[in-house]
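S.K.: structure-v1.txt is the file, holding compact mmCIF, C-alpha atoms and all ligand atoms:
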```txt
# COMPACT_ATOMS: atom_id res chain seq x y z
CA MET N 1 9.77 -5.49 -1.77
CA ARG N 2 11.47 -8.74 -2.77
CA ILE N 3 10.18 -11.00 -5.52
CA ARG N 4 10.78 -14.75 -5.55
CA LYS N 5 9.60 -17.58 -7.79
CA PHE N 6 8.41 -21.00 -6.66
CA THR N 7 7.79 -24.00 -8.88
CA ALA N 8 5.72 -27.07 -8.05
CA LYS N 9 3.50 -29.66 -9.66
CA THR N 10 0.32 -27.83 -8.69
CA VAL N 11 -0.52 -24.20 -7.89
CA LYS N 12 -1.65 -25.32 -4.45
CA GLU N 13 1.74 -26.84 -3.71
CA ALA N 14 3.58 -23.78 -5.00
CA LEU N 15 1.39 -21.55 -2.83
CA GLY N 16 2.27 -23.75 0.14
CA SER N 17 5.97 -23.12 -0.52
CA VAL N 18 5.32 -19.38 -0.86
CA LYS N 19 3.61 -19.32 2.52
CA ALA N 20 6.31 -21.39 4.16
CA ALA N 21 9.11 -19.22 2.78
CA LEU N 22 7.60 -15.74 2.85
CA GLY N 23 4.82 -15.98 5.39
CA PRO N 24 1.09 -15.33 5.12
CA ASP N 25 1.51 -11.73 3.93
CA ALA N 26 3.30 -12.66 0.71
CA LEU N 27 1.63 -11.15 -2.33
CA ILE N 28 1.10 -13.53 -5.23
CA ILE N 29 1.92 -11.44 -8.27
CA GLY N 30 1.73 -14.06 -10.96
CA THR N 31 1.12 -17.70 -11.78
CA LYS N 32 2.43 -19.39 -14.91
CA ARG N 33 2.03 -22.89 -16.36
CA LEU N 34 5.42 -24.34 -17.31
CA GLY N 35 5.81 -26.19 -20.65
CA ASP N 36 6.09 -29.99 -21.06
CA GLY N 37 4.10 -30.83 -17.96
CA GLY N 38 6.69 -29.03 -15.83
CA GLY N 39 4.08 -27.88 -13.34
CA TYR N 40 3.50 -24.26 -12.29
CA GLU N 41 5.60 -21.24 -11.40
CA VAL N 42 4.25 -18.79 -8.84
CA ALA N 43 5.90 -15.40 -8.46
CA ALA N 44 5.42 -13.90 -5.01
CA ALA N 45 6.54 -10.78 -3.29
CA VAL N 46 6.82 -9.78 0.31
CA ASP N 47 7.19 -6.34 1.83
CA TYR N 48 10.28 -5.56 3.82
CA GLY N 49 10.79 -2.24 5.52
CA LEU N 50 7.29 -0.84 5.00
CA ASP N 51 6.18 -1.12 8.56
CA GLY N 52 2.48 -0.45 8.02
CA PRO N 53 0.30 -1.37 10.99
CA VAL N 54 -1.10 -4.36 9.22
CA PRO N 55 -2.33 -6.37 12.22
CA GLU N 56 -4.30 -3.36 13.45
CA ALA N 57 -5.84 -2.85 10.05
CA ARG N 58 -6.75 -6.51 9.96
CA ALA N 59 -8.37 -6.39 13.38
CA MET N 60 -10.50 -3.48 12.23
CA GLU N 61 -11.56 -5.35 9.13
CA THR N 62 -12.56 -8.36 11.14
CA SER N 63 -14.67 -6.28 13.40
CA ARG N 64 -16.42 -4.75 10.41
CA ARG N 65 -17.05 -8.12 8.90
CA GLU N 66 -18.55 -9.36 12.13
CA ALA N 67 -20.44 -6.14 12.85
CA PRO N 68 -20.16 -6.67 16.59
CA ALA N 69 -22.81 -5.25 18.87
CA GLY N 70 -21.91 -2.44 21.23
CA GLY N 71 -18.75 -1.45 19.35
CA ALA N 72 -16.60 -4.21 20.83
CA PHE N 73 -13.93 -5.59 18.56
CA ALA N 74 -13.94 -9.33 18.32
CA HIS N 75 -10.63 -11.03 17.72
CA ASP N 76 -10.63 -14.44 16.15
CA ALA N 77 -7.27 -14.98 14.54
CA ARG N 78 -8.34 -18.13 12.69
CA TYR N 79 -11.33 -16.41 11.16
CA VAL N 80 -9.17 -13.49 10.03
CA GLN N 81 -6.65 -15.91 8.55
CA LEU N 82 -9.38 -17.73 6.67
CA LEU N 83 -10.73 -14.50 5.24
CA ASP N 84 -7.21 -13.55 4.20
CA GLU N 85 -6.73 -16.88 2.48
CA ILE N 86 -9.99 -16.50 0.58
CA ASP N 87 -8.91 -13.02 -0.51
CA GLU N 88 -5.58 -14.36 -1.61
CA LEU N 89 -7.11 -17.20 -3.61
CA LYS N 90 -9.41 -14.73 -5.31
CA GLU N 91 -6.37 -12.67 -6.22
CA VAL N 92 -4.60 -15.70 -7.66
CA LYS N 93 -7.62 -16.59 -9.74
CA GLU N 94 -7.94 -13.12 -11.14
CA LEU N 95 -4.24 -12.68 -11.69
CA PHE N 96 -4.13 -15.86 -13.78
CA ASN N 97 -5.16 -13.80 -16.76
CA SER N 98 -3.13 -10.76 -15.93
CA VAL N 99 0.06 -9.62 -17.58
CA ILE N 100 2.21 -9.99 -14.49
CA THR N 101 3.20 -13.55 -15.14
CA ARG N 102 6.90 -13.02 -14.63
CA ALA N 103 8.58 -11.25 -11.78
CA ASP N 104 11.06 -9.42 -13.97
CA THR N 105 8.55 -7.94 -16.39
CA PRO N 106 8.10 -4.17 -16.76
CA MET N 107 4.67 -4.59 -15.17
CA ALA N 108 6.16 -6.12 -12.01
CA LYS N 109 8.69 -3.29 -11.86
CA LEU N 110 5.90 -0.76 -12.27
CA TYR N 111 4.02 -2.45 -9.43
CA GLU N 112 7.06 -2.12 -7.22
CA ARG N 113 7.57 1.52 -8.14
CA LEU N 114 3.96 2.48 -7.40
CA ASN N 115 4.00 0.47 -4.18
CA SER N 116 7.05 2.32 -2.94
CA GLU N 117 5.48 5.68 -3.90
CA LEU N 118 2.40 4.83 -1.85
CA GLY N 119 4.62 3.79 1.07
CA LYS N 120 6.34 7.18 0.93
CA ASN N 121 2.92 8.87 1.03
CA GLY N 122 2.16 7.01 4.26
CA ILE N 123 -0.39 4.63 2.76
CA ASP N 124 -0.80 1.50 4.90
CA ALA N 125 1.12 -1.39 3.27
CA ARG N 126 -1.89 -3.68 3.26
CA LEU N 127 -4.18 -1.03 1.83
CA ALA N 128 -1.60 -0.19 -0.87
CA ARG N 129 -1.42 -3.86 -1.80
CA LYS N 130 -5.20 -4.07 -2.14
CA ILE N 131 -5.49 -0.97 -4.27
CA LEU N 132 -2.55 -1.93 -6.51
CA THR N 133 -3.74 -5.51 -6.95
CA ASN N 134 -7.13 -4.20 -8.00
CA ALA N 135 -5.61 -1.84 -10.52
CA PHE N 136 -3.23 -4.43 -11.97
CA LYS N 137 -5.77 -7.19 -12.31
CA GLY N 138 -7.71 -4.93 -14.65
CA ILE N 139 -4.90 -5.17 -17.19
CA LYS N 140 -5.64 -7.91 -19.67
CA ALA N 141 -3.00 -10.39 -20.80
CA GLY N 142 -0.79 -9.00 -23.54
CA ALA N 143 -1.72 -5.42 -22.74
CA SER N 144 0.56 -2.95 -21.02
CA ALA N 145 -0.14 0.03 -18.84
CA ASN N 146 1.73 3.12 -17.81
CA ALA N 147 2.04 4.64 -14.38
CA GLU N 148 -0.13 7.66 -15.17
CA THR N 149 -3.06 5.59 -16.42
CA LEU N 150 -2.87 3.31 -13.40
CA LYS N 151 -2.64 6.23 -10.97
CA ALA N 152 -5.67 7.88 -12.55
CA GLN N 153 -7.59 4.60 -12.35
CA MET N 154 -6.65 4.05 -8.69
CA LYS N 155 -7.68 7.60 -7.85
CA ARG N 156 -11.04 7.14 -9.57
CA LYS N 157 -11.69 3.99 -7.54
CA LEU N 158 -10.71 5.72 -4.30
CA PHE N 159 -12.88 8.68 -5.17
CA GLU N 160 -15.87 6.34 -5.22
CA LYS N 161 -14.86 4.90 -1.84
CA VAL N 162 -14.08 7.92 0.34
CA ARG N 163 -17.02 9.76 1.85
CA VAL N 164 -17.46 13.26 3.17
CA THR N 165 -20.26 14.81 5.18
CA ASP N 166 -21.34 18.10 6.70
CA PRO N 167 -22.57 17.40 10.24
CA LEU N 168 -23.62 21.05 10.64
CA ASP N 169 -25.98 20.94 7.68
CA GLY N 170 -29.38 22.00 9.02
CA LYS N 171 -30.33 22.18 12.69
CA SER N 172 -27.71 20.10 14.48
CA VAL N 173 -26.26 19.13 17.83
CA VAL N 174 -22.70 17.86 17.46
CA ALA N 175 -20.32 16.61 20.15
CA PHE N 176 -16.61 16.66 19.38
CA VAL N 177 -14.75 13.77 20.96
CA GLY N 178 -11.17 12.57 20.73
CA PRO N 179 -7.84 12.29 22.51
CA THR N 180 -6.42 15.20 24.52
CA GLY N 181 -4.76 18.02 22.63
CA VAL N 182 -5.87 17.07 19.12
CA GLY N 183 -7.64 20.42 18.66
CA LYS N 184 -11.27 19.84 19.64
CA THR N 185 -11.76 23.21 21.34
CA THR N 186 -10.00 25.08 18.54
CA THR N 187 -12.08 23.26 15.91
CA ILE N 188 -15.30 24.17 17.77
CA ALA N 189 -14.21 27.81 18.00
CA LYS N 190 -13.52 27.89 14.25
CA LEU N 191 -16.88 26.33 13.38
CA ALA N 192 -18.76 28.54 15.84
CA ALA N 193 -17.18 31.69 14.40
CA ILE N 194 -17.87 30.70 10.78
CA ASN N 195 -21.47 29.77 11.50
CA ALA N 196 -22.38 32.59 13.91
CA LEU N 197 -20.49 35.44 12.26
CA LYS N 198 -20.37 34.57 8.56
CA LYS N 199 -23.47 32.43 8.14
CA LYS N 200 -25.53 34.32 10.75
CA ARG N 201 -26.81 31.12 12.36
CA SER N 202 -27.76 30.94 16.05
CA VAL N 203 -25.11 28.96 17.93
CA ALA N 204 -24.64 27.78 21.53
CA LEU N 205 -21.53 26.11 22.91
CA LEU N 206 -21.61 23.58 25.71
CA THR N 207 -18.59 22.14 27.46
CA MET N 208 -18.37 18.90 29.31
CA ASP N 209 -14.68 19.46 29.87
CA THR N 210 -15.19 20.58 33.46
CA PHE N 211 -12.13 18.74 34.74
CA ARG N 212 -9.67 21.22 33.37
CA ILE N 213 -10.65 24.76 34.34
CA ALA N 214 -8.39 26.16 31.63
CA ALA N 215 -10.22 24.20 28.95
CA ALA N 216 -13.64 25.55 29.91
CA GLU N 217 -12.18 29.07 30.25
CA GLN N 218 -10.66 28.80 26.79
CA LEU N 219 -14.05 28.02 25.25
CA LYS N 220 -15.71 30.81 27.27
CA THR N 221 -13.15 33.28 25.92
CA TYR N 222 -13.86 32.18 22.35
CA GLY N 223 -17.61 32.40 23.05
CA LYS N 224 -17.25 35.98 24.30
CA ILE N 225 -15.29 37.07 21.22
CA ILE N 226 -17.71 35.37 18.83
CA GLY N 227 -20.77 36.50 20.82
CA VAL N 228 -22.33 33.09 21.52
CA PRO N 229 -23.36 31.60 24.88
CA VAL N 230 -21.06 29.04 26.51
CA GLU N 231 -22.34 26.80 29.28
CA ALA N 232 -20.88 23.91 31.23
CA ALA N 233 -22.55 20.57 31.92
CA GLN N 234 -21.15 18.13 34.48
CA ASP N 235 -22.91 15.03 33.27
CA SER N 236 -25.32 13.64 30.76
CA ARG N 237 -28.40 14.73 32.80
CA GLU N 238 -27.20 18.34 33.00
CA LEU N 239 -26.37 18.24 29.34
CA GLY N 240 -29.91 17.10 28.55
CA ALA N 241 -31.25 20.15 30.44
CA ARG N 242 -28.89 22.53 28.61
CA LEU N 243 -29.84 21.01 25.25
CA ALA N 244 -33.52 21.54 26.07
CA ALA N 245 -32.80 25.18 26.93
CA HIS N 246 -31.11 25.67 23.55
CA ARG N 247 -33.72 23.89 21.47
CA ASP N 248 -34.24 27.09 19.48
CA LYS N 249 -30.61 27.22 18.29
CA ASP N 250 -29.54 26.25 14.78
CA LEU N 251 -26.38 24.69 16.14
CA VAL N 252 -25.24 23.38 19.49
CA LEU N 253 -21.57 22.38 19.58
CA ILE N 254 -20.40 20.29 22.53
CA ASP N 255 -16.79 20.17 23.72
CA THR N 256 -15.92 17.00 25.61
CA ALA N 257 -12.98 16.20 27.85
CA GLY N 258 -10.08 14.87 25.85
CA ARG N 259 -9.40 11.39 27.07
CA SER N 260 -7.43 8.39 26.06
CA GLN N 261 -9.47 5.74 24.29
CA ARG N 262 -8.08 3.38 26.94
CA ASP N 263 -9.98 5.24 29.66
CA GLU N 264 -12.87 2.81 29.94
CA ARG N 265 -14.89 4.92 32.35
CA HIS N 266 -14.79 7.88 30.00
CA MET N 267 -15.81 5.66 27.07
CA GLU N 268 -18.74 4.39 29.13
CA GLU N 269 -19.71 8.02 29.87
CA LEU N 270 -19.68 8.81 26.15
CA SER N 271 -21.74 5.76 25.42
CA SER N 272 -24.34 6.75 28.03
CA LEU N 273 -24.32 10.34 26.71
CA ALA N 274 -25.20 8.99 23.27
CA ARG N 275 -27.93 6.71 24.63
CA SER N 276 -29.67 9.41 26.65
CA ASN N 277 -29.36 12.11 23.97
CA PRO N 278 -29.95 10.39 20.63
CA GLU N 279 -30.09 13.72 18.77
CA ILE N 280 -26.35 14.24 19.30
CA LYS N 281 -24.08 13.53 16.33
CA PHE N 282 -20.53 12.57 17.25
CA ASN N 283 -17.48 13.87 15.43
CA LEU N 284 -14.17 12.20 16.25
CA VAL N 285 -11.30 14.69 16.09
CA LEU N 286 -7.88 13.23 15.31
CA SER N 287 -4.53 14.79 14.63
CA SER N 288 -3.14 14.03 11.18
CA GLN N 289 0.25 13.84 12.90
CA MET N 290 -0.67 10.77 14.94
CA ARG N 291 0.86 7.46 13.89
CA ASP N 292 -1.33 4.95 12.09
CA ASP N 293 -1.56 2.60 15.07
CA ALA N 294 -2.58 5.44 17.41
CA LEU N 295 -5.19 6.59 14.89
CA TYR N 296 -6.64 3.09 14.53
CA GLU N 297 -6.67 2.63 18.30
CA SER N 298 -8.56 5.90 18.72
CA VAL N 299 -11.11 4.93 16.09
CA ARG N 300 -11.66 1.61 17.83
CA GLY N 301 -11.82 3.08 21.33
CA PHE N 302 -14.13 5.96 20.49
CA LYS N 303 -16.59 3.58 18.83
CA ALA N 304 -18.06 3.63 22.37
CA ALA N 305 -19.99 6.59 20.93
CA PRO N 306 -21.70 6.25 17.55
CA ILE N 307 -19.14 8.18 15.49
CA ASP N 308 -20.84 9.90 12.54
CA SER N 309 -17.86 11.71 11.09
CA LEU N 310 -14.15 12.45 11.43
CA THR N 311 -12.12 15.65 11.60
CA PHE N 312 -8.38 15.71 10.98
CA THR N 313 -6.35 18.59 12.43
CA LYS N 314 -2.75 19.84 12.25
CA LEU N 315 -2.30 19.20 8.53
CA ASP N 316 0.03 22.21 8.64
CA GLU N 317 2.45 20.28 10.86
CA GLY N 318 3.44 17.65 8.32
CA SER N 319 3.58 16.76 4.66
CA VAL N 320 2.60 13.07 4.61
CA TYR N 321 -1.15 12.61 4.64
CA GLY N 322 -1.59 8.90 3.88
CA PRO N 323 -2.64 8.12 7.48
CA ILE N 324 -5.73 10.31 6.99
CA LEU N 325 -6.79 8.13 4.10
CA ASN N 326 -5.87 4.89 5.89
CA THR N 327 -8.00 5.85 8.89
CA THR N 328 -10.89 7.06 6.77
CA LEU N 329 -11.04 3.89 4.68
CA LEU N 330 -10.52 1.51 7.57
CA SER N 331 -13.09 3.19 9.79
CA ARG N 332 -15.52 3.63 6.89
CA SER N 333 -16.52 6.95 8.41
CA PRO N 334 -17.07 10.06 6.34
CA VAL N 335 -14.73 13.01 6.84
CA ALA N 336 -16.22 16.35 7.85
CA TYR N 337 -13.36 18.83 8.32
CA LEU N 338 -9.67 19.29 7.71
CA ALA N 339 -7.83 21.81 9.89
CA ALA N 340 -4.42 23.20 9.03
CA GLY N 341 -3.43 25.78 11.61
CA GLN N 342 -4.21 27.55 14.85
CA ASN N 343 -5.94 30.62 13.38
CA VAL N 344 -9.59 30.95 14.34
CA PRO N 345 -11.61 30.79 12.14
CA GLU N 346 -9.46 30.71 8.98
CA ASP N 347 -7.60 27.43 9.28
CA ILE N 348 -10.38 24.94 8.62
CA GLU N 349 -12.05 23.61 5.49
CA ALA N 350 -14.93 21.29 4.76
CA ALA N 351 -13.46 18.00 3.54
CA SER N 352 -13.86 17.20 -0.14
CA ARG N 353 -13.38 13.90 -1.89
CA GLU N 354 -10.92 15.50 -4.34
CA ARG N 355 -8.73 16.65 -1.47
CA LEU N 356 -8.85 13.26 0.26
CA VAL N 357 -7.90 11.41 -2.90
CA ASP N 358 -4.95 13.79 -3.35
CA PHE N 359 -3.54 12.48 -0.05
CA PHE N 360 -3.22 9.10 -1.74
CA MET N 361 -0.98 10.28 -4.52
CA PRO N 362 -0.38 13.98 -4.96
CA ASN N 363 -0.13 15.07 -8.61
P1 LIG N 401 -8.22 19.80 22.65
O1 LIG N 401 -7.54 19.37 23.91
O2 LIG N 401 -8.50 18.64 21.74
O3 LIG N 401 -9.44 20.63 22.89
O4 LIG N 401 -7.16 20.69 21.83
P2 LIG N 401 -7.04 22.29 21.72
O5 LIG N 401 -8.12 22.84 20.83
O6 LIG N 401 -6.90 22.86 23.08
O7 LIG N 401 -5.69 22.38 20.91
C1 LIG N 401 -4.45 21.93 21.42
C2 LIG N 401 -3.34 22.71 20.73
O8 LIG N 401 -3.31 22.38 19.34
C3 LIG N 401 -3.52 24.21 20.82
O9 LIG N 401 -2.27 24.80 20.98
C4 LIG N 401 -4.10 24.58 19.45
O10 LIG N 401 -3.81 25.90 19.06
C5 LIG N 401 -3.40 23.56 18.58
N1 LIG N 401 -4.13 23.27 17.33
C6 LIG N 401 -5.44 22.98 17.15
N2 LIG N 401 -5.71 22.74 15.85
C7 LIG N 401 -4.53 22.90 15.18
C8 LIG N 401 -4.14 22.79 13.79
O11 LIG N 401 -4.92 22.49 12.90
N3 LIG N 401 -2.82 23.00 13.53
C9 LIG N 401 -1.91 23.32 14.49
N4 LIG N 401 -0.65 23.51 14.13
N5 LIG N 401 -2.24 23.42 15.78
C10 LIG N 401 -3.53 23.23 16.13
```
What is this structure when it is put down as structure tokens?
M.R.:
Amino acid sequence: MRIRKFTAKTVKEALGSVKAALGPDALIIGTKRLGDGGGYEVAAAVDYGLDGPVPEARAMETSRREAPAGGAFAHDARYVQLLDEIDELKEVKELFNSVITRADTPMAKLYERLNSELGKNGIDARLARKILTNAFKGIKAGASANAETLKAQMKRKLFEKVRVTDPLDGKSVVAFVGPTGVGKTTTIAKLAAINALKKKRSVALLTMDTFRIAAAEQLKTYGKIIGVPVEAAQDSRELGARLAAHRDKDLVLIDTAGRSQRDERHMEELSSLARSNPEIKFNLVLSSQMRDDALYESVRGFKAAPIDSLTFTKLDEGSVYGPILNTTLLSRSPVAYLAAGQNVPEDIEAASRERLVDFFMPN
């Protein structure tokens, strides 16, 4: 991050210079009135090197703000820009009274330090900026704050924001969707084993992944070991019949063909599956090792189905978990499960808010 100061007769003029020099993503970190009618000084910072997928994040926010019908994402660059400008003006107003009035103050340095820590944890640059700005604007003029207090405060705020859910609570039918190879079948096997063997619930497994013989066979093998029925359904009509046959079951878990979110036909199939079987809850399975932009693209693409919850797999394959939090907050979906290994059924846990917040800034 680089910090620069701009002086002008009015705040508006100074902000204009900030935008011209640093671009629309510059963060206004302080505004100060200069003595003897000397106008105003605006301190601004801009991120360099933190290549967070900001435009993607922004597109997702726009779509939320517009609540488009049918899951389509509307893109109106001017509208997004306007919303950004309103946000920025709000920040300026609130920061007027904050302690960060000079770029070289300890508070500004602390901001930079925390920002870089969040970047290292994989937190999206834009999200980090939002969270930090919120935390810093709480500090009243003349007061100071230390890193620990701010971290605790940011974590408390995040704790209120992140949501978790248990889609298998009570009698449930859950379809697991997501890109190929993220671990849908393995996740289903883990959940089936825990529920059938440990919790003694009646479980049936259905697979719609009839394209790859190996995939259906894999689920059948798991079903045999666990002792639960596994059946295949070619399409949404067949699935309806299978669901009716298993009405007595506590849980029906549905494996779907892993497809790219860009496969429009598959997305249309999912959408029609959801329409004709409204009792199905949809869990989107994503690998925690995917890049932010791929995660966001999946969330957008799989909105073809009404996604009720998220599962993140392969936590054992990496050590940076920020993207899990980025995706969770940007999609506003609750998290159901976290999987960290290939062992069935051990390597899965129900998501907790404490655990999710730890991804933001481990202690
Ligand atoms: P699907 O195509 O989404 O159904 O994915 P699979 O369940 O077939 O899993 C693909 C591969 O990822 C397999 O080799 C799994 O053993 C592996 N896998 C699944 N979950 C995890 C996990 O949490 N950690 C690791 N390391 N591997 C996993």
S.K.: Have a look at N:Asp347, N:Leu15, N:Asp124, N:Tyr222 and name the one nearest to Tyr296 of chain N; count all atoms listed in the file.
M.R.: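 Closest candidate: N:Asp124.
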S.K.: For the contact check between chain N and ligand LIG 401 (chain N), emit one row per residue of chain N within 6 Å, containing the shortest atom pair and the distance in Å rounded to one decimal, counting only C-alpha atoms and all ligand atoms, chain then rising number order, as a Markdown table.
M.R.:
```
| residue | atom | partner | partner_atom | distance |
| --- | --- | --- | --- | --- |
| N:Thr180 | CA | N:LIG401 | O1 | 4.4 |
| N:Gly181 | CA | N:LIG401 | O1 | 3.3 |
| N:Val182 | CA | N:LIG401 | O2 | 4.0 |
| N:Gly183 | CA | N:LIG401 | O4 | 3.2 |
| N:Lys184 | CA | N:LIG401 | O2 | 3.7 |
| N:Thr185 | CA | N:LIG401 | O5 | 3.7 |
| N:Thr186 | CA | N:LIG401 | O5 | 3.7 |
| N:Gly258 | CA | N:LIG401 | O1 | 5.5 |
| N:Thr313 | CA | N:LIG401 | O11 | 4.2 |
| N:Lys314 | CA | N:LIG401 | N3 | 3.4 |
| N:Asp316 | CA | N:LIG401 | N4 | 5.7 |
| N:Glu317 | CA | N:LIG401 | N4 | 5.5 |
| N:Ala339 | CA | N:LIG401 | O11 | 4.2 |
| N:Ala340 | CA | N:LIG401 | O11 | 4.0 |
| N:Gly341 | CA | N:LIG401 | N3 | 3.4 |
| N:Gln342 | CA | N:LIG401 | O10 | 4.5 |
```
S.K.: Compare N:Leu315, N:Leu150, N:Leu158, N:Ala145 by their minimum atom-to-atom distance to Asn115 of chain N, counting only C-alpha atoms, and give me the closest one.
M.R.: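 Using only C-alpha atoms, Asn115 of chain N sits closest to N:Leu150.
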S.K.: Can you measure atom CA of Ile139 of chain N to atom CA of Ile324 of chain N for me? One decimal in Å is fine.
M.R.: 28.7 Å
S.K.: Please provide the set of residues having any atom within 10 Å of Leu168 of chain N, restricted to all atoms listed in the file, with same-chain residues fewer than 6 positions apart removed, written as a list in words.
M.R.: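 The residues satisfying every condition are Val174, Leu191, Asn195, Asp250, Leu251, Val252, Leu253, Lys281 and Ala336 of chain N.
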S.K.: If we count only C-alpha atoms, what is near Thr207 of chain N at a cut-off of 10 Å, once residues fewer than 5 positions away on the same chain are taken out, given as a ChimeraX atom specification?
M.R.: /N:175-176,185,215-217,219-220,230-234,239,253-257
S.K.: So the first atom is atom CA of Thr7 of chain N and the second is atom CA of Gly39 of chain N; what is the distance between them in Å, to one decimal place?
M.R.: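 For atom CA of Thr7 of chain N relative to atom CA of Gly39 of chain N, the distance reads 7.0 Å.
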S.K.: Could you please give me, as a ChimeraX atom specification, the residues of protein, DNA or RNA lying at most 12 Å from (0.4, 4.9, 2.1) in the coordinate frame of the file, considering only C-alpha atoms?
M.R.: /N:50-54,114-132,292,320-327,329,357-362
S.K.: Can you pull out every residue within 12 Å of Arg163 of chain N, counting only C-alpha atoms, but drop anything in the same chain fewer than 6 positions away, and send it as a list of chain:residue names?
M.R.: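 The contact residues come out as N:Asp308, N:Ser309, N:Leu310, N:Leu325, N:Thr328, N:Leu329, N:Leu330, N:Ser331, N:Arg332, N:Ser333, N:Pro334, N:Val335, N:Ala336, N:Tyr337, N:Ala351, N:Ser352, N:Arg353, N:Glu354, N:Arg355, N:Leu356, N:Val357.
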S.K.: Could you tell me how far atom CA of Gly38 of chain N sits from atom CA of Thr105 of chain N, in Å to one decimal place?
M.R.: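 Computed distance, atom CA of Thr105 of chain N to atom CA of Gly38 of chain N, equals 21.2 Å.
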S.K.: Counting all atoms listed in the file, which of N:Ala45, N:Val173, N:Ala135, N:Ala304 gets nearest to Gly23 of chain N?
M.R.: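 The answer is N:Ala45, which sits nearest to Gly23 of chain N.
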S.K.: Compare N:Tyr111, N:Pro345, N:Thr187, N:Val164 by their minimum atom-to-atom distance to Lys151 of chain N, counting only C-alpha atoms, and give me the closest one.
M.R.: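 Nearest to Lys151 of chain N: N:Tyr111.
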S.K.: Pick the closest to Pro24 of chain N from N:Thr10, N:Thr210, N:Gln81, N:Asn283: which is it, counting all atoms listed in the file?
M.R.: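 Smallest separation from Pro24 of chain N among the options: N:Gln81.
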S.K.: For Ser287 of chain N, which residue out of N:Glu349, N:Pro179, N:Val228, N:Ala214 is the nearest one, using only C-alpha atoms?
M.R.: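 Ranked by minimum distance to Ser287 of chain N, first place goes to N:Pro179.
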